[in-house]
file start-v4.txt (compact mmCIF, C-alpha atoms and all ligand atoms)
# COMPACT_ATOMS: atom_id res chain seq x y z
CA MET A 1 12.24 -12.08 25.91
CA GLU A 2 13.91 -11.10 22.60
CA ILE A 3 11.33 -10.54 19.87
CA CYS A 4 12.30 -9.94 16.25
CA LEU A 5 9.66 -8.48 13.91
CA ILE A 6 10.33 -9.02 10.21
CA ALA A 7 8.80 -7.41 7.12
CA PRO A 8 9.73 -9.86 4.33
CA GLU A 9 10.56 -8.41 0.92
CA ALA A 10 8.95 -10.25 -1.98
CA ALA A 11 11.98 -9.63 -4.18
CA ARG A 12 14.19 -11.67 -1.84
CA PHE A 13 12.16 -14.84 -2.45
CA ARG A 14 14.46 -17.72 -3.36
CA GLY A 15 17.54 -15.64 -2.73
CA GLN A 16 16.90 -13.01 -5.39
CA GLU A 17 18.47 -9.62 -4.76
CA HIS A 18 16.36 -7.57 -7.15
CA ARG A 19 16.43 -3.96 -5.90
CA LEU A 20 15.14 -0.98 -7.78
CA GLY A 21 16.38 1.55 -5.22
CA PRO A 22 15.76 2.75 -1.66
CA PRO A 23 12.36 1.79 -0.20
CA LEU A 24 9.64 4.43 -0.04
CA PHE A 25 8.14 4.00 3.46
CA PRO A 26 9.40 2.51 6.74
CA PRO A 27 7.36 -0.53 7.93
CA LEU A 28 4.75 1.38 9.93
CA GLY A 29 2.66 -1.69 10.81
CA LEU A 30 5.59 -3.40 12.54
CA MET A 31 6.62 -0.15 14.23
CA ILE A 32 3.12 -0.05 15.75
CA VAL A 33 3.29 -3.74 16.77
CA ALA A 34 6.63 -2.98 18.44
CA ALA A 35 4.98 -0.14 20.35
CA LEU A 36 2.24 -2.52 21.53
CA THR A 37 4.87 -4.86 23.00
CA PRO A 38 5.15 -4.64 26.81
CA GLU A 39 8.30 -2.83 27.88
CA HIS A 40 9.92 -5.79 29.64
CA HIS A 41 10.53 -7.44 26.23
CA ASN A 42 13.32 -6.39 23.82
CA VAL A 43 12.06 -5.79 20.30
CA SER A 44 13.94 -5.34 17.04
CA ILE A 45 12.69 -4.83 13.48
CA ILE A 46 14.14 -6.12 10.22
CA ASP A 47 12.71 -4.57 7.07
CA GLU A 48 13.94 -6.68 4.17
CA SER A 49 13.29 -3.89 1.70
CA ALA A 50 16.21 -2.12 3.40
CA GLU A 51 18.37 -4.97 4.76
CA PRO A 52 18.50 -8.77 4.58
CA THR A 53 17.40 -11.01 7.45
CA ASP A 54 20.38 -12.50 9.25
CA PRO A 55 19.45 -16.21 9.30
CA THR A 56 21.70 -16.88 12.30
CA ILE A 57 19.98 -14.61 14.85
CA GLU A 58 18.35 -16.39 17.79
CA PRO A 59 15.41 -14.42 19.18
CA ASP A 60 12.90 -16.11 21.48
CA LEU A 61 10.04 -15.27 19.12
CA VAL A 62 9.77 -14.07 15.51
CA GLY A 63 6.82 -12.09 14.11
CA VAL A 64 6.34 -11.74 10.35
CA THR A 65 3.79 -9.74 8.40
CA ALA A 66 3.09 -9.82 4.70
CA MET A 67 0.90 -8.66 1.89
CA THR A 68 0.13 -11.46 -0.56
CA ALA A 69 3.10 -10.97 -2.94
CA ALA A 70 5.51 -11.23 0.00
CA ALA A 71 3.82 -14.30 1.53
CA PRO A 72 6.15 -16.88 -0.11
CA ARG A 73 9.15 -15.00 1.24
CA ALA A 74 7.46 -14.76 4.68
CA TYR A 75 6.99 -18.54 4.65
CA GLU A 76 10.60 -19.03 3.60
CA VAL A 77 11.79 -16.86 6.51
CA ALA A 78 9.40 -18.58 8.95
CA ASP A 79 10.44 -22.08 7.84
CA GLY A 80 14.09 -21.15 8.42
CA PHE A 81 13.52 -19.99 12.00
CA ARG A 82 11.22 -22.88 12.89
CA ALA A 83 13.80 -25.38 11.57
CA ARG A 84 16.07 -24.01 14.31
CA GLY A 85 13.36 -24.36 16.95
CA ILE A 86 12.42 -20.66 17.08
CA PRO A 87 8.65 -20.10 17.15
CA VAL A 88 7.12 -17.78 14.54
CA VAL A 89 3.90 -15.76 14.55
CA MET A 90 2.36 -14.25 11.42
CA GLY A 91 -0.03 -11.34 10.98
CA GLY A 92 -1.04 -8.96 8.21
CA MET A 93 -3.42 -9.07 5.26
CA HIS A 94 -2.39 -12.39 3.71
CA ALA A 95 -2.34 -14.45 6.90
CA SER A 96 -5.66 -12.89 7.92
CA ALA A 97 -7.24 -13.96 4.63
CA LEU A 98 -5.67 -17.44 4.57
CA PRO A 99 -4.86 -18.43 8.18
CA ASP A 100 -4.87 -22.18 7.48
CA GLU A 101 -2.27 -21.78 4.75
CA ALA A 102 -0.13 -19.60 7.04
CA LEU A 103 -0.36 -22.15 9.85
CA GLU A 104 1.50 -24.64 7.67
CA HIS A 105 4.56 -22.39 8.18
CA VAL A 106 4.05 -20.62 11.52
CA ASP A 107 3.00 -21.45 15.09
CA ALA A 108 0.29 -18.82 15.45
CA VAL A 109 -1.66 -16.42 13.26
CA VAL A 110 -3.03 -13.02 14.26
CA ILE A 111 -6.16 -12.38 12.18
CA GLY A 112 -6.97 -8.69 11.77
CA GLU A 113 -5.47 -5.74 13.58
CA ALA A 114 -2.78 -6.38 16.20
CA GLU A 115 -4.06 -4.08 18.96
CA GLY A 116 -5.12 -6.21 21.93
CA LEU A 117 -4.37 -9.54 20.21
CA TRP A 118 -0.59 -9.11 20.18
CA GLN A 119 -0.46 -8.36 23.91
CA GLN A 120 -2.68 -11.40 24.60
CA LEU A 121 -0.49 -13.63 22.42
CA LEU A 122 2.68 -12.50 24.24
CA ALA A 123 1.08 -13.12 27.63
CA ASP A 124 0.07 -16.64 26.50
CA PHE A 125 3.53 -17.27 25.06
CA ASP A 126 5.12 -16.16 28.34
CA ALA A 127 2.84 -18.59 30.16
CA GLY A 128 3.81 -21.36 27.74
CA GLY A 129 0.42 -21.73 26.03
CA MET A 130 0.22 -19.79 22.77
CA ARG A 131 -2.96 -20.57 20.77
CA PRO A 132 -2.71 -21.15 16.99
CA VAL A 133 -5.24 -18.43 16.13
CA TYR A 134 -5.89 -14.97 17.59
CA ARG A 135 -8.90 -13.22 16.13
CA HIS A 136 -10.91 -10.08 16.96
CA THR A 137 -14.67 -10.26 17.24
CA SER A 138 -14.89 -6.53 16.36
CA PHE A 139 -12.57 -3.84 15.05
CA PRO A 140 -10.47 -2.30 17.86
CA PRO A 141 -10.93 1.45 18.47
CA ALA A 142 -8.39 3.62 16.66
CA SER A 143 -7.59 5.21 20.01
CA SER A 144 -5.71 1.99 20.83
CA ILE A 145 -3.10 2.73 18.11
CA PRO A 146 0.07 3.79 19.97
CA PRO A 147 2.77 6.12 18.62
CA ALA A 148 4.98 3.99 16.36
CA ARG A 149 8.47 2.93 17.57
CA ARG A 150 10.61 5.04 15.22
CA ASP A 151 13.65 4.45 17.39
CA LEU A 152 13.86 0.87 16.04
CA ILE A 153 14.26 1.97 12.42
CA ASP A 154 17.02 3.82 10.60
CA THR A 155 14.74 6.30 8.83
CA ARG A 156 17.63 7.57 6.68
CA ARG A 157 17.19 4.47 4.52
CA TYR A 158 13.74 5.57 3.31
CA ILE A 159 12.56 8.11 0.76
CA ALA A 160 9.52 9.19 2.84
CA LYS A 161 10.85 8.99 6.38
CA TYR A 162 8.01 10.32 8.51
CA VAL A 163 4.97 8.04 8.44
CA LEU A 164 1.83 8.15 10.50
CA GLN A 165 -1.65 6.66 10.43
CA ALA A 166 -4.59 8.90 11.36
CA THR A 167 -7.50 6.63 10.40
CA ARG A 168 -8.29 3.01 9.61
CA GLY A 169 -10.89 1.65 7.24
CA CYS A 170 -12.72 2.99 4.21
CA PRO A 171 -16.45 3.60 3.75
CA PHE A 172 -16.33 1.98 0.30
CA ALA A 173 -15.91 -1.64 -0.74
CA CYS A 174 -14.27 -1.85 -4.17
CA SER A 175 -14.22 -5.49 -5.19
CA PHE A 176 -10.42 -5.72 -5.69
CA CYS A 177 -9.45 -3.99 -2.44
CA THR A 178 -8.49 -5.62 0.86
CA VAL A 179 -8.93 -2.46 2.95
CA SER A 180 -12.59 -2.74 3.88
CA THR A 181 -12.28 -6.49 4.50
CA PHE A 182 -9.29 -6.04 6.79
CA PHE A 183 -10.10 -2.69 8.43
CA GLY A 184 -13.87 -2.49 7.94
CA ARG A 185 -16.21 -0.06 6.18
CA THR A 186 -16.51 2.22 9.18
CA LEU A 187 -13.71 4.70 9.11
CA ARG A 188 -12.20 4.78 12.61
CA THR A 189 -10.31 7.90 13.53
CA ARG A 190 -7.50 8.31 16.06
CA PRO A 191 -7.88 11.06 18.67
CA LEU A 192 -6.65 14.31 17.12
CA ASP A 193 -4.42 15.04 20.12
CA ASP A 194 -2.59 11.72 19.53
CA ILE A 195 -2.07 12.46 15.82
CA ILE A 196 -0.87 16.02 16.37
CA ALA A 197 1.45 14.98 19.21
CA GLU A 198 3.01 12.15 17.18
CA ALA A 199 3.48 14.27 14.04
CA SER A 200 4.91 17.17 16.07
CA ARG A 201 7.69 14.92 17.37
CA PHE A 202 9.03 14.25 13.85
CA LYS A 203 12.36 15.95 13.26
CA GLY A 204 11.41 16.82 9.69
CA GLY A 205 8.80 16.45 7.00
CA PRO A 206 6.81 16.11 4.88
CA VAL A 207 4.66 13.70 6.86
CA SER A 208 3.18 10.73 4.98
CA LEU A 209 -0.30 10.07 6.32
CA ILE A 210 -0.59 6.38 5.45
CA ASP A 211 -4.37 6.39 5.37
CA ASP A 212 -6.53 4.70 2.79
CA ASN A 213 -8.92 7.62 2.52
CA ILE A 214 -7.92 10.68 4.52
CA MET A 215 -11.12 12.47 3.49
CA GLY A 216 -13.37 9.43 3.95
CA HIS A 217 -14.80 11.03 7.10
CA PRO A 218 -15.25 14.68 6.04
CA ALA A 219 -15.98 16.04 9.54
CA PHE A 220 -12.82 14.42 10.91
CA ALA A 221 -10.76 15.62 7.93
CA ARG A 222 -11.97 19.18 8.52
CA GLU A 223 -10.84 19.07 12.16
CA LEU A 224 -7.54 17.41 11.27
CA PHE A 225 -6.70 20.03 8.64
CA ALA A 226 -7.74 22.85 11.01
CA ARG A 227 -5.31 21.60 13.66
CA TRP A 228 -2.46 20.56 11.37
CA SER A 229 -0.83 24.04 11.61
CA GLU A 230 0.25 22.96 15.13
CA VAL A 231 2.50 20.36 13.47
CA GLY A 232 4.20 22.92 11.22
CA LYS A 233 5.04 20.41 8.47
CA SER A 234 3.66 19.67 5.04
CA PHE A 235 2.05 16.31 4.35
CA TRP A 236 0.72 13.99 1.68
CA SER A 237 -1.85 11.24 1.82
CA GLN A 238 -4.43 9.23 -0.10
CA ALA A 239 -8.06 10.14 -0.87
CA SER A 240 -10.95 8.94 -3.02
CA THR A 241 -12.39 10.96 -5.90
CA THR A 242 -15.44 11.64 -3.70
CA MET A 243 -13.51 14.55 -2.19
CA LEU A 244 -14.96 16.51 -5.11
CA ASN A 245 -18.33 16.35 -3.28
CA ALA A 246 -16.83 18.59 -0.57
CA PRO A 247 -14.50 20.90 -2.54
CA GLU A 248 -13.91 23.17 0.47
CA LEU A 249 -12.05 20.21 2.01
CA ILE A 250 -9.55 20.34 -0.84
CA THR A 251 -8.81 23.98 -0.09
CA GLN A 252 -8.57 23.27 3.64
CA ALA A 253 -6.15 20.41 2.95
CA ALA A 254 -3.97 22.71 0.83
CA ASN A 255 -4.05 25.46 3.47
CA ALA A 256 -3.01 22.91 6.08
CA GLY A 257 0.08 21.97 4.04
CA CYS A 258 -1.07 19.12 1.80
CA LYS A 259 1.37 18.83 -1.12
CA ALA A 260 0.17 15.65 -2.83
CA LEU A 261 -2.68 13.15 -2.83
CA PHE A 262 -2.73 9.61 -4.16
CA VAL A 263 -6.09 9.10 -5.89
CA GLY A 264 -7.53 5.79 -7.10
CA PHE A 265 -8.98 6.58 -10.53
CA GLU A 266 -8.48 2.95 -11.58
CA SER A 267 -10.14 3.22 -14.99
CA ILE A 268 -11.28 5.82 -17.49
CA SER A 269 -14.36 3.72 -18.32
CA SER A 270 -17.55 4.04 -16.25
CA ALA A 271 -18.64 0.55 -17.32
CA GLN A 272 -15.41 -1.02 -16.07
CA LEU A 273 -15.58 0.92 -12.80
CA ALA A 274 -19.11 -0.38 -12.21
CA LYS A 275 -17.86 -3.94 -12.61
CA VAL A 276 -15.35 -3.53 -9.75
CA GLY A 277 -17.78 -1.75 -7.41
CA LYS A 278 -16.33 1.71 -7.94
CA ARG A 279 -19.32 3.51 -9.42
CA PHE A 280 -18.63 6.51 -7.20
CA ASN A 281 -15.73 7.39 -9.49
CA VAL A 282 -17.26 9.72 -12.08
CA VAL A 283 -15.00 9.65 -15.12
CA GLU A 284 -16.45 12.89 -16.54
CA LYS A 285 -15.36 14.69 -13.33
CA TYR A 286 -11.77 13.42 -13.22
CA GLU A 287 -10.27 16.43 -15.01
CA GLU A 288 -12.24 18.88 -12.86
CA LEU A 289 -10.93 17.17 -9.72
CA ILE A 290 -7.34 17.22 -10.95
CA LYS A 291 -7.60 20.90 -11.91
CA ARG A 292 -9.05 21.81 -8.52
CA LEU A 293 -6.18 20.03 -6.78
CA HIS A 294 -3.59 21.66 -9.02
CA ASP A 295 -5.16 25.10 -8.53
CA VAL A 296 -4.46 24.89 -4.79
CA GLY A 297 -0.98 23.42 -5.24
CA ILE A 298 -1.71 19.75 -4.55
CA ALA A 299 0.06 17.28 -6.87
CA VAL A 300 -1.92 14.25 -8.04
CA ALA A 301 -0.58 10.72 -7.95
CA GLY A 302 -3.15 8.72 -9.91
CA SER A 303 -3.63 4.98 -9.75
CA PHE A 304 -4.92 3.07 -12.81
CA MET A 305 -5.57 -0.65 -13.26
CA PHE A 306 -5.69 -2.76 -16.41
CA GLY A 307 -7.37 -6.07 -17.14
CA LEU A 308 -10.85 -5.12 -15.98
CA ASP A 309 -13.61 -6.88 -17.92
CA GLY A 310 -14.23 -4.62 -20.90
CA ASP A 311 -10.61 -3.43 -21.23
CA ASP A 312 -9.04 -4.14 -24.60
CA GLU A 313 -5.70 -3.53 -26.28
CA ASP A 314 -6.57 0.15 -26.88
CA THR A 315 -7.11 0.80 -23.16
CA PHE A 316 -3.38 1.31 -22.54
CA GLU A 317 -3.00 4.11 -25.07
CA ARG A 318 -6.27 5.79 -24.05
CA THR A 319 -5.16 5.75 -20.39
CA ALA A 320 -1.70 7.15 -21.20
CA GLU A 321 -3.32 9.91 -23.29
CA PHE A 322 -5.67 10.70 -20.41
CA ALA A 323 -2.77 10.89 -17.92
CA GLU A 324 -1.02 13.37 -20.20
CA ARG A 325 -4.09 15.44 -21.05
CA ALA A 326 -5.22 15.65 -17.41
CA GLN A 327 -1.63 16.32 -16.32
CA ILE A 328 -1.44 13.58 -13.73
CA ASP A 329 1.76 14.36 -11.83
CA VAL A 330 2.64 10.76 -11.09
CA GLY A 331 0.94 7.68 -12.54
CA GLN A 332 0.89 4.32 -10.85
CA PHE A 333 -0.29 1.53 -13.11
CA SER A 334 -1.04 -2.07 -12.27
CA ILE A 335 -2.79 -5.21 -13.42
CA LEU A 336 -6.03 -6.05 -11.64
CA THR A 337 -5.12 -8.68 -9.03
CA PRO A 338 -7.55 -11.05 -7.28
CA LEU A 339 -6.05 -10.81 -3.80
CA PRO A 340 -7.20 -13.44 -1.29
CA GLY A 341 -10.07 -12.20 0.84
CA THR A 342 -11.50 -9.86 -1.80
CA ARG A 343 -14.83 -10.08 -3.60
CA LEU A 344 -12.96 -10.04 -6.89
CA GLN A 345 -11.06 -13.16 -5.90
CA ARG A 346 -14.30 -14.99 -5.07
CA GLU A 347 -15.96 -13.87 -8.33
CA LEU A 348 -13.04 -14.97 -10.51
CA GLU A 349 -12.65 -18.20 -8.55
CA ASP A 350 -16.33 -19.03 -9.03
CA ALA A 351 -15.96 -18.34 -12.75
CA GLY A 352 -12.91 -20.65 -12.93
CA ARG A 353 -10.75 -17.76 -14.19
CA ILE A 354 -7.89 -17.81 -11.67
CA VAL A 355 -4.90 -19.45 -13.35
CA GLU A 356 -1.99 -18.50 -11.08
CA ARG A 357 -1.41 -19.72 -7.50
CA ASP A 358 2.14 -18.48 -7.06
CA TRP A 359 1.56 -15.60 -4.62
CA SER A 360 4.85 -13.95 -5.55
CA ARG A 361 3.22 -13.02 -8.86
CA TYR A 362 0.31 -11.24 -7.11
CA ASP A 363 2.26 -7.97 -7.20
CA GLY A 364 0.22 -5.96 -9.69
CA THR A 365 2.70 -6.47 -12.52
CA HIS A 366 1.70 -10.03 -13.47
CA CYS A 367 -1.56 -11.39 -14.83
CA THR A 368 -2.89 -14.05 -12.45
CA PHE A 369 -6.31 -14.68 -14.02
CA ARG A 370 -7.79 -15.21 -17.45
CA PRO A 371 -8.69 -11.75 -18.78
CA VAL A 372 -11.31 -11.04 -21.44
CA GLY A 373 -10.55 -8.71 -24.32
CA MET A 374 -6.88 -9.65 -24.60
CA THR A 375 -4.44 -12.38 -23.65
CA ALA A 376 -2.48 -12.40 -20.39
CA GLU A 377 0.70 -11.74 -22.40
CA LYS A 378 -0.84 -8.67 -24.07
CA LEU A 379 -2.02 -7.43 -20.69
CA GLU A 380 1.46 -7.62 -19.18
CA ALA A 381 3.06 -6.14 -22.29
CA GLY A 382 0.48 -3.32 -22.21
CA LEU A 383 1.42 -2.49 -18.63
CA HIS A 384 5.10 -2.33 -19.61
CA TRP A 385 4.23 -0.09 -22.57
CA VAL A 386 2.26 2.36 -20.40
CA TYR A 387 5.06 2.69 -17.88
CA GLU A 388 7.65 3.15 -20.61
CA ARG A 389 5.58 5.81 -22.30
CA CYS A 390 4.46 7.74 -19.21
CA TYR A 391 7.95 7.86 -17.73
CA SER A 392 9.70 8.89 -20.92
CA TRP A 393 10.96 12.47 -20.53
CA SER A 394 8.67 13.70 -23.31
CA SER A 395 5.59 12.33 -21.52
CA ILE A 396 6.80 13.64 -18.16
CA MET A 397 7.10 17.10 -19.73
CA ARG A 398 3.59 16.81 -21.21
CA ARG A 399 2.19 15.83 -17.81
CA VAL A 400 4.04 18.18 -15.48
CA GLY A 401 5.97 20.55 -17.73
CA ARG A 402 4.00 23.63 -16.79
CA ARG A 403 3.93 22.97 -13.06
CA ILE A 404 7.32 21.61 -12.14
CA THR A 405 7.92 21.57 -8.40
CA PRO A 406 10.96 19.95 -6.77
CA LEU A 407 8.73 17.20 -5.34
CA VAL A 408 7.06 16.30 -8.64
CA TRP A 409 10.34 16.48 -10.51
CA MET A 410 12.09 14.27 -7.98
CA VAL A 411 9.38 11.59 -8.02
CA ASN A 412 9.22 11.48 -11.82
CA GLY A 413 13.00 11.24 -11.97
CA ILE A 414 12.93 8.28 -9.57
CA TYR A 415 10.21 6.58 -11.66
CA ASN A 416 12.09 7.26 -14.89
CA ARG A 417 15.17 5.44 -13.57
CA ARG A 418 13.29 2.61 -11.84
CA VAL A 419 11.03 1.90 -14.81
CA ALA A 420 14.06 1.64 -17.11
CA LYS A 421 15.76 -0.75 -14.67
CA TRP A 422 12.61 -2.82 -14.10
CA LEU A 423 11.84 -3.19 -17.83
CA ALA A 424 15.43 -4.12 -18.63
CA ASP A 425 15.16 -6.77 -15.97
CA VAL A 426 11.73 -8.07 -17.04
CA ARG A 427 12.66 -8.18 -20.72
CA GLY A 428 15.91 -9.93 -19.92
CA GLN A 429 14.11 -12.73 -18.08
CA PRO A 430 11.68 -14.85 -20.07
CA GLY A 431 8.40 -14.96 -18.12
CA GLY A 432 9.85 -12.44 -15.63
S1 LIG A 501 -11.94 3.66 -2.12
FE1 LIG A 501 -9.80 2.92 -2.14
S2 LIG A 501 -9.39 2.19 -0.06
FE2 LIG A 501 -11.62 2.40 -0.27
S3 LIG A 501 -12.32 0.35 -0.86
FE3 LIG A 501 -12.02 1.51 -2.76
S4 LIG A 501 -9.88 1.07 -3.41
FE4 LIG A 501 -10.11 0.43 -1.25
call {"tool": "encode", "arguments": {"input": "start-v4.txt", "output": "structure tokens", "more": "lines below"}}
Ligand code: SF4
result
Amino acid sequence: MEICLIAPEAARFRGQEHRLGPPLFPPLGLMIVAALTPEHHNVSIIDESAEPTDPTIEPDLVGVTAMTAAAPRAYEVADGFRARGIPVVMGGMHASALPDEALEHVDAVVIGEAEGLWQQLLADFDAGGMRPVYRHTSFPPASSIPPARRDLIDTRRYIAKYVLQATRGCPFACSFCTVSTFFGRTLRTRPLDDIIAEASRFKGGPVSLIDDNIMGHPAFARELFARWSEVGKSFWSQASTTMLNAPELITQAANAGCKALFVGFESISSAQLAKVGKRFNVVEKYEELIKRLHDVGIAVAGSFMFGLDGDDEDTFERTAEFAERAQIDVGQFSILTPLPGTRLQRELEDAGRIVERDWSRYDGTHCTFRPVGMTAEKLEAGLHWVYERCYSWSSIMRRVGRRITPLVWMVNGIYNRRVAKWLADVRGQPGG
């Protein structure tokens, strides 16, 4: 059987060709699904962030996966194949949260993680009796994650070529986040031998550990960092601010070769953090955490969100000033987004505050609910202003001027160009 797995690109919805540059990561989720596929099937992967889907191909089965912003494009792709009689299966966060909606466009939905379910679905399909819904009753063990099929992807197309997942889940449950709903609050860890073996096979580095909280299980993180020298490559990953509770872990990560961490600060207001279930972020400790990371040579990519209840029009400037004062190496800013399946979505829905149902606008750059403290237009304009300011060369120099490394310089340069392109595009399109 010929199986084609497709990662739809939100920007291609309705034929748009909006591209800001090469994609960051290869589609790891689909590379793992491909590895789960029994060997007697032929699998291919199309990642629309790197190439368009050829609408004339004729596989026996198509699999699509999508986060919410890409769901309309996933449905567009699925509708096209089904119109030609080719069955389509959908998995991923959006279809798992809204399976009934997805089933209007596809033949079957995989709810939750693919391990076990995908093999069952293929066996049923082979036997001519695919069910509409495949759902786990518990989270599969992380030991069932196979090495990803890198051979199906041209990694030269990506900025960060070598991707790997060591853990799944997060012990926390921030109200806006899909991770603990989809992967659970128990952090499941892959066997260390599997991780080290997979990372050791990469032809280069650094390795991107696509984990939601690489230090969320401190004992596991300690063992992982202790063994990472066997890989002989640097790495970067994502971690919560709670790593400050075990500062020796930060040093161990640096000694193991950690060059950067993505950290979800989200807000510089304790009151706002409490409202989104992120009380464990201690605003007064942010600068200490950033300094500790910098002292051991780890760059900080900080995430901040706007539109939380309590934010006002001054929040943008205060956040930009904080990013500069604390010397955040790379800032990622977004508008709070009530993604389906999250507690935030239910809260805003109950309060009658969700005003946007076009999923393509659930991308973190559009306001999809009625904010308090400012209008939706001011919220979007504030996001644009923060990006423009923080990626001006003067702000970049204030943030990283004293610690320029090739990595930090390269990433800020990419952001500087992409932000300029994005804002030109947004400002050129009314309501864009
Ligand atoms: S700490 Fe990060 S990954 Fe974990 S629930 Fe909160 S936002 Fe999600």
call {"tool": "atom_distance", "arguments": {"input": "start-v4.txt", "atom1": "atom CA of A:Met1", "atom2": "atom CA of A:Asn42"}}
result
6.2 Å
call {"tool": "closest_atom_pairs", "arguments": {"input": "start-v4.txt", "of": "stretch 343-426 of chain A", "to": "stretch 49-69 of chain A", "cutoff": "7 Å", "atoms": "only C-alpha atoms", "output": "Markdown table"}}
result
| residue | atom | partner | partner_atom | distance |
| --- | --- | --- | --- | --- |
| A:Trp359 | CA | A:Ala69 | CA | 5.2 |
| A:Ser360 | CA | A:Ala69 | CA | 4.3 |
| A:Arg361 | CA | A:Ala69 | CA | 6.3 |
| A:Tyr362 | CA | A:Ala69 | CA | 5.0 |
| A:Asp363 | CA | A:Ala69 | CA | 5.3 |
call {"tool": "residues_near_ligand", "arguments": {"input": "start-v4.txt", "ligand": "ligand LIG 501 (chain A)", "cutoff": "12 Å", "atoms": "all atoms listed in the file", "output": "MDAnalysis selection string"}}
result
chainID A and resid 167:187 210:217 237:243 262:267 273:274 276:281 302:305 336 342:343
call {"tool": "residues_around", "arguments": {"input": "start-v4.txt", "residues": "A:Leu224", "least_positions_apart": "4", "cutoff": "7 Å", "atoms": "all atoms listed in the file", "output": "list in words"}}
result
Leu192, Phe220 and Trp228 of chain A
call {"tool": "atom_distance", "arguments": {"input": "start-v4.txt", "atom1": "atom CA of A:Thr37", "atom2": "atom CA of A:Lys161"}}
result
22.4 Å
call {"tool": "atom_distance", "arguments": {"input": "start-v4.txt", "atom1": "atom CA of A:Val426", "atom2": "atom CA of A:Leu383"}}
result
11.8 Å
call {"tool": "residues_around", "arguments": {"input": "start-v4.txt", "residues": "A:Ala253", "least_positions_apart": "6", "cutoff": "9 Å", "atoms": "all atoms listed in the file", "output": "list of chain:residue names"}}
result
A:Ala221, A:Arg222, A:Leu224, A:Phe225, A:Ala226, A:Lys259, A:Ile298
call {"tool": "write_last_selection", "arguments": {"input": "start-v4.txt", "atoms": "C-alpha atoms", "output": "mmCIF file, in the frame of the given file"}}
result
data_model
loop_
_atom_site.group_PDB
_atom_site.id
_atom_site.type_symbol
_atom_site.label_atom_id
_atom_site.label_comp_id
_atom_site.auth_asym_id
_atom_site.auth_seq_id
_atom_site.Cartn_x
_atom_site.Cartn_y
_atom_site.Cartn_z
ATOM 1 C CA ALA A 221 -10.760 15.620 7.930
ATOM 2 C CA ARG A 222 -11.970 19.180 8.520
ATOM 3 C CA LEU A 224 -7.540 17.410 11.270
ATOM 4 C CA PHE A 225 -6.700 20.030 8.640
ATOM 5 C CA ALA A 226 -7.740 22.850 11.010
ATOM 6 C CA LYS A 259 1.370 18.830 -1.120
ATOM 7 C CA ILE A 298 -1.710 19.750 -4.550
#
call {"tool": "residues_near_point", "arguments": {"input": "start-v4.txt", "point": "(-5.7, 3.5, 21.8)", "cutoff": "10 Å", "atoms": "all atoms listed in the file", "output": "count of residues only"}}
result
14
